[in-house]
Amino acid sequence: MSFEVERRAVRVSSPIEAAIEARGATFEARIEDISETGVYAGTLTPLPAGESVTLTFALPGETGESPIRCKASVVWTEANAGMALRFEELGDEERERVKFFVADAFFGKA
């Protein structure tokens, strides 16, 4: 089965360790790519589309910043591979940090 997903934001590949909280449990995942609007998290235990989660991760290269912690929802999944998460509650400061990280990764540092 093949489908097209409309991209609304630039997405960059960047392996980032993350923790996902859902259904009263926390499990580890690896963010494979990230954009201003969400991430693709590689995990052998993807949750079903529509599930709400809390996502926690630290952006590579940041020093002295708190990890980003936000609410997200599962948009789609790949069995035994991972899931796409859309940021639902991401603060303005955190969104700016993600935005600048993506821009730096996409365009390169000035």
# chains A, B, ... in the order shown; residues from 1 in each chain; ligands from 1
call {"tool": "closest_atom_pairs", "arguments": {"of": "region 73-107 of chain A", "to": "region 8-20 of chain A", "cutoff": "7 Å", "atoms": "only C-alpha atoms", "output": "Markdown table"}}
result
| residue | atom | partner | partner_atom | distance |
| --- | --- | --- | --- | --- |
| A:Val102 | CA | A:Val12 | CA | 6.3 |
| A:Ala105 | CA | A:Val12 | CA | 6.8 |
| A:Phe106 | CA | A:Val12 | CA | 6.4 |
call {"tool": "write_last_selection", "arguments": {"atoms": "N, CA, C and O atoms", "output": "PDB file, in the first residue's frame"}}
result
ATOM      1  N   VAL A 102      16.451  22.860  12.529  1.00  0.00           N
ATOM      2  CA  VAL A 102      16.139  22.365  11.191  1.00  0.00           C
ATOM      3  C   VAL A 102      16.779  23.255  10.133  1.00  0.00           C
ATOM      4  O   VAL A 102      17.382  22.764   9.167  1.00  0.00           O
ATOM      5  N   ALA A 105      20.494  22.612   9.993  1.00  0.00           N
ATOM      6  CA  ALA A 105      20.782  21.307   9.370  1.00  0.00           C
ATOM      7  C   ALA A 105      20.509  21.340   7.865  1.00  0.00           C
ATOM      8  O   ALA A 105      21.244  20.744   7.084  1.00  0.00           O
ATOM      9  N   PHE A 106      19.481  22.047   7.459  1.00  0.00           N
ATOM     10  CA  PHE A 106      19.088  22.088   6.037  1.00  0.00           C
ATOM     11  C   PHE A 106      20.018  23.003   5.223  1.00  0.00           C
ATOM     12  O   PHE A 106      20.487  22.620   4.156  1.00  0.00           O
TER      13      PHE A 106
END
call {"tool": "residues_around", "arguments": {"residues": "Thr45 (chain A)", "least_positions_apart": "5", "cutoff": "8 Å", "atoms": "only C-alpha atoms", "output": "list of chain:residue names"}}
result
A:Ala79, A:Asn80, A:Ala81, A:Gly82
call {"tool": "residues_around", "arguments": {"residues": "region 57-67 of chain A", "least_positions_apart": "2", "cutoff": "12 Å", "atoms": "only C-alpha atoms", "output": "JSON, numbers by chain"}}
result
{"A": [14, 15, 16, 17, 18, 19, 20, 21, 28, 29, 30, 31, 33, 34, 35, 39, 41, 54, 55, 69, 70, 71, 93, 94, 95, 96, 97, 98, 99, 100, 101, 102, 104, 105, 109]}
call {"tool": "residues_around", "arguments": {"residues": "Arg86 (chain A)", "least_positions_apart": "4", "cutoff": "10 Å", "atoms": "only C-alpha atoms", "output": "PyMOL selection string"}}
result
chain A and resi 35-40+52-53+71-76+90
call {"tool": "write_last_selection", "arguments": {"atoms": "C-alpha atoms", "output": "short mmCIF file (atom, residue, chain, number, x, y, z; two decimals), in the first residue's frame"}}
result
data_model
loop_
_atom_site.label_atom_id
_atom_site.label_comp_id
_atom_site.auth_asym_id
_atom_site.auth_seq_id
_atom_site.Cartn_x
_atom_site.Cartn_y
_atom_site.Cartn_z
CA SER A 35 10.63 19.33 11.14
CA GLU A 36 9.02 22.36 12.72
CA THR A 37 5.72 20.42 12.82
CA GLY A 38 6.77 16.94 13.97
CA VAL A 39 9.10 13.95 13.84
CA TYR A 40 9.39 10.42 12.55
CA SER A 52 -1.66 11.01 22.15
CA VAL A 53 1.86 10.87 23.58
CA LYS A 71 2.43 16.65 23.58
CA ALA A 72 2.21 14.99 20.17
CA SER A 73 -0.18 12.76 18.28
CA VAL A 74 0.52 9.73 16.11
CA VAL A 75 -0.29 10.56 12.48
CA TRP A 76 0.63 7.26 10.84
CA LEU A 90 4.94 22.79 21.66
#
call {"tool": "closest_residue", "arguments": {"among": "A:Ala25, A:Ile68, A:Gly91, A:Ala84", "to": "Gly42 (chain A)", "atoms": "only C-alpha atoms"}}
result
A:Ala84
call {"tool": "atom_distance", "arguments": {"atom1": "CA of Glu88 (chain A)", "atom2": "CA of Gly24 (chain A)"}}
result
18.9 Å
call {"tool": "select_by_dssp", "arguments": {"residues": "chain A", "states": "strand (DSSP E or B)", "output": "PyMOL selection string"}}
result
chain A and resi 11-22+25-35+38-42+52-57+68-78+82-89
call {"tool": "write_last_selection", "arguments": {"atoms": "N, CA and C atoms", "output": "compact mmCIF listing (two decimals), in the first residue's frame"}}
result
# COMPACT_ATOMS: atom_id res chain seq x y z
N ARG A 11 11.91 18.99 6.35
CA ARG A 11 12.21 17.90 7.26
C ARG A 11 13.66 17.48 7.02
N VAL A 12 14.43 17.31 8.09
CA VAL A 12 15.83 16.91 7.96
C VAL A 12 16.10 15.63 8.73
N SER A 13 16.99 14.82 8.19
CA SER A 13 17.41 13.59 8.88
C SER A 13 18.36 13.97 10.00
N SER A 14 18.09 13.43 11.16
CA SER A 14 18.97 13.68 12.31
C SER A 14 18.63 12.68 13.40
N PRO A 15 19.48 11.70 13.64
CA PRO A 15 19.19 10.73 14.70
C PRO A 15 19.27 11.39 16.08
N ILE A 16 18.17 11.34 16.80
CA ILE A 16 18.06 11.96 18.13
C ILE A 16 17.38 10.96 19.05
N GLU A 17 18.01 10.67 20.17
CA GLU A 17 17.39 9.78 21.16
C GLU A 17 16.20 10.50 21.79
N ALA A 18 15.11 9.76 22.00
CA ALA A 18 13.89 10.35 22.55
C ALA A 18 13.21 9.38 23.50
N ALA A 19 12.38 9.92 24.36
CA ALA A 19 11.53 9.11 25.23
C ALA A 19 10.08 9.44 24.88
N ILE A 20 9.26 8.41 24.78
CA ILE A 20 7.85 8.57 24.47
C ILE A 20 7.05 8.00 25.62
N GLU A 21 6.14 8.81 26.16
CA GLU A 21 5.25 8.38 27.23
C GLU A 21 3.86 8.22 26.66
N ALA A 22 3.28 7.04 26.91
CA ALA A 22 1.91 6.77 26.47
C ALA A 22 1.38 5.58 27.24
N ALA A 25 3.20 4.20 30.33
CA ALA A 25 4.55 3.65 30.22
C ALA A 25 5.44 4.60 29.43
N THR A 26 6.74 4.46 29.62
CA THR A 26 7.71 5.23 28.86
C THR A 26 8.60 4.27 28.11
N PHE A 27 8.84 4.57 26.82
CA PHE A 27 9.77 3.73 26.06
C PHE A 27 10.68 4.61 25.21
N GLU A 28 11.81 4.06 24.87
CA GLU A 28 12.81 4.77 24.09
C GLU A 28 12.52 4.64 22.60
N ALA A 29 12.86 5.69 21.87
CA ALA A 29 12.72 5.70 20.42
C ALA A 29 13.86 6.54 19.86
N ARG A 30 14.06 6.47 18.57
CA ARG A 30 15.06 7.29 17.91
C ARG A 30 14.37 8.15 16.86
N ILE A 31 14.47 9.46 17.03
CA ILE A 31 13.94 10.36 16.02
C ILE A 31 14.85 10.21 14.80
N GLU A 32 14.24 9.87 13.67
CA GLU A 32 15.00 9.69 12.43
C GLU A 32 15.03 10.99 11.62
N ASP A 33 13.91 11.71 11.64
CA ASP A 33 13.89 13.03 11.00
C ASP A 33 12.96 13.95 11.77
N ILE A 34 13.18 15.25 11.58
CA ILE A 34 12.48 16.25 12.37
C ILE A 34 12.15 17.45 11.49
N SER A 35 11.02 18.08 11.78
CA SER A 35 10.63 19.33 11.14
C SER A 35 10.04 20.23 12.20
N GLY A 38 6.80 18.28 13.40
CA GLY A 38 6.77 16.94 13.97
C GLY A 38 8.02 16.15 13.68
N VAL A 39 7.96 14.84 13.99
CA VAL A 39 9.10 13.95 13.84
C VAL A 39 8.64 12.60 13.32
N TYR A 40 9.60 11.84 12.79
CA TYR A 40 9.39 10.42 12.55
C TYR A 40 10.25 9.71 13.57
N ALA A 41 9.62 8.89 14.42
CA ALA A 41 10.33 8.18 15.48
C ALA A 41 10.43 6.70 15.14
N GLY A 42 11.64 6.21 15.01
CA GLY A 42 11.85 4.80 14.77
C GLY A 42 11.69 4.02 16.07
N SER A 52 -2.36 9.84 21.60
CA SER A 52 -1.66 11.01 22.15
C SER A 52 -0.48 10.53 22.97
N VAL A 53 0.65 11.24 22.85
CA VAL A 53 1.86 10.87 23.58
C VAL A 53 2.52 12.13 24.13
N THR A 54 3.46 11.91 25.04
CA THR A 54 4.36 12.97 25.47
C THR A 54 5.74 12.58 24.95
N LEU A 55 6.36 13.50 24.24
CA LEU A 55 7.65 13.27 23.60
C LEU A 55 8.69 14.14 24.28
N THR A 56 9.84 13.54 24.64
CA THR A 56 10.93 14.28 25.26
C THR A 56 12.22 13.99 24.50
N PHE A 57 12.94 15.06 24.13
CA PHE A 57 14.20 14.88 23.41
C PHE A 57 15.07 16.12 23.56
N ILE A 68 13.47 19.25 25.24
CA ILE A 68 12.14 19.64 24.77
C ILE A 68 11.17 18.55 25.18
N ARG A 69 10.07 18.97 25.76
CA ARG A 69 9.02 18.04 26.21
C ARG A 69 7.70 18.60 25.70
N CYS A 70 6.96 17.78 24.93
CA CYS A 70 5.73 18.29 24.35
C CYS A 70 4.72 17.17 24.13
N LYS A 71 3.49 17.58 23.97
CA LYS A 71 2.43 16.65 23.58
C LYS A 71 2.49 16.49 22.07
N ALA A 72 2.21 15.28 21.61
CA ALA A 72 2.21 14.99 20.17
C ALA A 72 1.15 13.94 19.91
N SER A 73 0.78 13.80 18.64
CA SER A 73 -0.18 12.76 18.28
C SER A 73 0.41 11.92 17.14
N VAL A 74 0.06 10.64 17.14
CA VAL A 74 0.52 9.73 16.11
C VAL A 74 -0.30 9.99 14.85
N VAL A 75 0.38 10.28 13.74
CA VAL A 75 -0.29 10.56 12.48
C VAL A 75 -0.42 9.29 11.65
N TRP A 76 0.65 8.53 11.55
CA TRP A 76 0.63 7.26 10.84
C TRP A 76 1.76 6.38 11.37
N THR A 77 1.67 5.07 11.12
CA THR A 77 2.66 4.14 11.64
C THR A 77 3.13 3.17 10.55
N GLU A 78 4.29 2.59 10.80
CA GLU A 78 4.82 1.49 10.00
C GLU A 78 5.08 0.36 10.98
N GLY A 82 8.27 2.24 12.97
CA GLY A 82 8.19 3.56 13.57
C GLY A 82 6.86 4.24 13.34
N MET A 83 6.83 5.53 13.68
CA MET A 83 5.59 6.29 13.58
C MET A 83 5.89 7.77 13.38
N ALA A 84 5.00 8.43 12.68
CA ALA A 84 5.09 9.87 12.48
C ALA A 84 4.30 10.54 13.60
N LEU A 85 4.93 11.52 14.25
CA LEU A 85 4.30 12.25 15.34
C LEU A 85 4.18 13.72 14.96
N ARG A 86 3.02 14.31 15.18
CA ARG A 86 2.80 15.73 14.95
C ARG A 86 2.80 16.44 16.30
N PHE A 87 3.58 17.51 16.41
CA PHE A 87 3.58 18.30 17.64
C PHE A 87 2.20 18.90 17.83
N GLU A 88 1.63 18.73 19.02
CA GLU A 88 0.32 19.30 19.34
C GLU A 88 0.45 20.45 20.32
N GLU A 89 1.29 20.29 21.31
CA GLU A 89 1.50 21.34 22.32
C GLU A 89 2.99 21.55 22.46
call {"tool": "select_by_dssp", "arguments": {"residues": "chain A", "states": "alpha helix (DSSP H)", "output": "CSV table (one decimal) with all heavy atoms, in the first residue's frame"}}
result
chain,number,residue,atom,x,y,z
A,92,ASP,N,6.3,28.2,22.3
A,92,ASP,CA,6.9,29.1,21.3
A,92,ASP,C,8.4,29.0,21.3
A,92,ASP,O,9.1,28.9,20.3
A,92,ASP,CB,6.5,30.5,21.5
A,92,ASP,CG,5.0,30.7,21.2
A,92,ASP,OD1,4.4,29.9,20.5
A,92,ASP,OD2,4.4,31.7,21.7
A,93,GLU,N,9.0,29.0,22.5
A,93,GLU,CA,10.5,28.9,22.7
A,93,GLU,C,11.0,27.6,22.1
A,93,GLU,O,12.0,27.6,21.4
A,93,GLU,CB,10.9,29.0,24.1
A,93,GLU,CG,12.4,28.9,24.3
A,93,GLU,CD,12.8,28.9,25.8
A,93,GLU,OE1,12.1,29.6,26.6
A,93,GLU,OE2,13.8,28.3,26.1
A,94,GLU,N,10.3,26.5,22.4
A,94,GLU,CA,10.7,25.2,21.9
A,94,GLU,C,10.6,25.1,20.4
A,94,GLU,O,11.4,24.5,19.7
A,94,GLU,CB,10.0,24.1,22.6
A,94,GLU,CG,10.3,23.9,24.1
A,94,GLU,CD,9.6,24.8,25.0
A,94,GLU,OE1,8.8,25.6,24.6
A,94,GLU,OE2,10.0,24.8,26.2
A,95,ARG,N,9.5,25.6,19.9
A,95,ARG,CA,9.3,25.6,18.4
A,95,ARG,C,10.4,26.4,17.7
A,95,ARG,O,10.9,26.0,16.7
A,95,ARG,CB,7.9,26.2,18.1
A,95,ARG,CG,7.6,26.0,16.6
A,95,ARG,CD,6.1,26.4,16.3
A,95,ARG,NE,5.1,25.7,17.0
A,95,ARG,CZ,4.7,24.5,16.8
A,95,ARG,NH1,5.2,23.8,15.8
A,95,ARG,NH2,3.8,23.9,17.5
A,96,GLU,N,10.8,27.5,18.3
A,96,GLU,CA,11.9,28.3,17.7
A,96,GLU,C,13.2,27.5,17.7
A,96,GLU,O,14.0,27.5,16.8
A,96,GLU,CB,12.1,29.6,18.4
A,96,GLU,CG,11.0,30.7,18.1
A,96,GLU,CD,11.0,31.1,16.6
A,96,GLU,OE1,12.1,31.5,16.1
A,96,GLU,OE2,10.0,31.0,16.0
A,97,ARG,N,13.4,26.8,18.8
A,97,ARG,CA,14.6,26.0,18.9
A,97,ARG,C,14.6,24.9,17.8
A,97,ARG,O,15.6,24.7,17.1
A,97,ARG,CB,14.8,25.3,20.3
A,97,ARG,CG,15.1,26.3,21.4
A,97,ARG,CD,15.0,25.8,22.8
A,97,ARG,NE,15.7,24.5,23.0
A,97,ARG,CZ,15.4,23.7,24.0
A,97,ARG,NH1,14.5,24.0,24.9
A,97,ARG,NH2,16.1,22.6,24.2
A,98,VAL,N,13.5,24.2,17.6
A,98,VAL,CA,13.4,23.2,16.6
A,98,VAL,C,13.5,23.9,15.2
A,98,VAL,O,14.3,23.4,14.4
A,98,VAL,CB,12.0,22.5,16.7
A,98,VAL,CG1,11.8,21.6,15.5
A,98,VAL,CG2,12.0,21.6,18.0
A,99,LYS,N,12.9,25.0,15.0
A,99,LYS,CA,12.9,25.7,13.7
A,99,LYS,C,14.4,26.1,13.4
A,99,LYS,O,14.8,25.8,12.2
A,99,LYS,CB,12.1,27.0,13.8
A,99,LYS,CG,12.0,27.8,12.6
A,99,LYS,CD,11.1,29.0,12.8
A,99,LYS,CE,11.1,30.0,11.7
A,99,LYS,NZ,10.2,31.1,11.9
A,100,PHE,N,15.1,26.6,14.3
A,100,PHE,CA,16.5,27.0,14.0
A,100,PHE,C,17.4,25.7,13.8
A,100,PHE,O,18.3,25.7,13.0
A,100,PHE,CB,17.1,27.9,15.1
A,100,PHE,CG,16.5,29.3,15.0
A,100,PHE,CD1,15.7,29.8,16.0
A,100,PHE,CD2,16.8,30.1,13.9
A,100,PHE,CE1,15.2,31.1,15.9
A,100,PHE,CE2,16.3,31.4,13.7
A,100,PHE,CZ,15.5,31.9,14.7
A,101,PHE,N,17.2,24.7,14.6
A,101,PHE,CA,17.9,23.4,14.4
A,101,PHE,C,17.7,22.9,13.0
A,101,PHE,O,18.7,22.5,12.3
A,101,PHE,CB,17.5,22.4,15.4
A,101,PHE,CG,18.1,21.0,15.2
A,101,PHE,CD1,19.4,20.8,15.6
A,101,PHE,CD2,17.4,20.0,14.5
A,101,PHE,CE1,20.0,19.6,15.3
A,101,PHE,CE2,18.0,18.8,14.3
A,101,PHE,CZ,19.3,18.6,14.7
A,102,VAL,N,16.5,22.9,12.5
A,102,VAL,CA,16.1,22.4,11.2
A,102,VAL,C,16.8,23.3,10.1
A,102,VAL,O,17.4,22.8,9.2
A,102,VAL,CB,14.6,22.2,11.0
A,102,VAL,CG1,14.3,22.0,9.5
A,102,VAL,CG2,14.0,21.2,11.9
A,103,ALA,N,16.7,24.6,10.3
A,103,ALA,CA,17.3,25.5,9.3
A,103,ALA,C,18.8,25.3,9.3
A,103,ALA,O,19.4,25.3,8.2
A,103,ALA,CB,16.9,26.9,9.7
A,104,ASP,N,19.4,25.2,10.4
A,104,ASP,CA,20.9,25.0,10.4
A,104,ASP,C,21.3,23.7,9.7
A,104,ASP,O,22.2,23.6,9.0
A,104,ASP,CB,21.4,24.9,11.9
A,104,ASP,CG,21.6,26.3,12.4
A,104,ASP,OD1,21.5,27.3,11.7
A,104,ASP,OD2,21.8,26.4,13.7
A,105,ALA,N,20.5,22.6,10.0
A,105,ALA,CA,20.8,21.3,9.4
A,105,ALA,C,20.5,21.3,7.9
A,105,ALA,O,21.2,20.7,7.1
A,105,ALA,CB,19.9,20.2,10.0
A,106,PHE,N,19.5,22.0,7.5
A,106,PHE,CA,19.1,22.1,6.0
A,106,PHE,C,20.0,23.0,5.2
A,106,PHE,O,20.5,22.6,4.2
A,106,PHE,CB,17.6,22.6,5.9
A,106,PHE,CG,17.1,22.5,4.5
A,106,PHE,CD1,16.7,21.2,4.0
A,106,PHE,CD2,17.0,23.6,3.7
A,106,PHE,CE1,16.3,21.1,2.7
A,106,PHE,CE2,16.5,23.5,2.4
A,106,PHE,CZ,16.1,22.3,1.9
A,107,PHE,N,20.3,24.2,5.7
A,107,PHE,CA,21.1,25.2,5.0
A,107,PHE,C,22.5,25.2,5.4
A,107,PHE,O,23.3,25.8,4.7
A,107,PHE,CB,20.5,26.6,5.2
A,107,PHE,CG,19.1,26.8,4.6
A,107,PHE,CD1,18.0,26.9,5.5
A,107,PHE,CD2,18.9,26.8,3.3
A,107,PHE,CE1,16.7,27.0,5.0
A,107,PHE,CE2,17.6,26.9,2.7
A,107,PHE,CZ,16.5,27.0,3.6
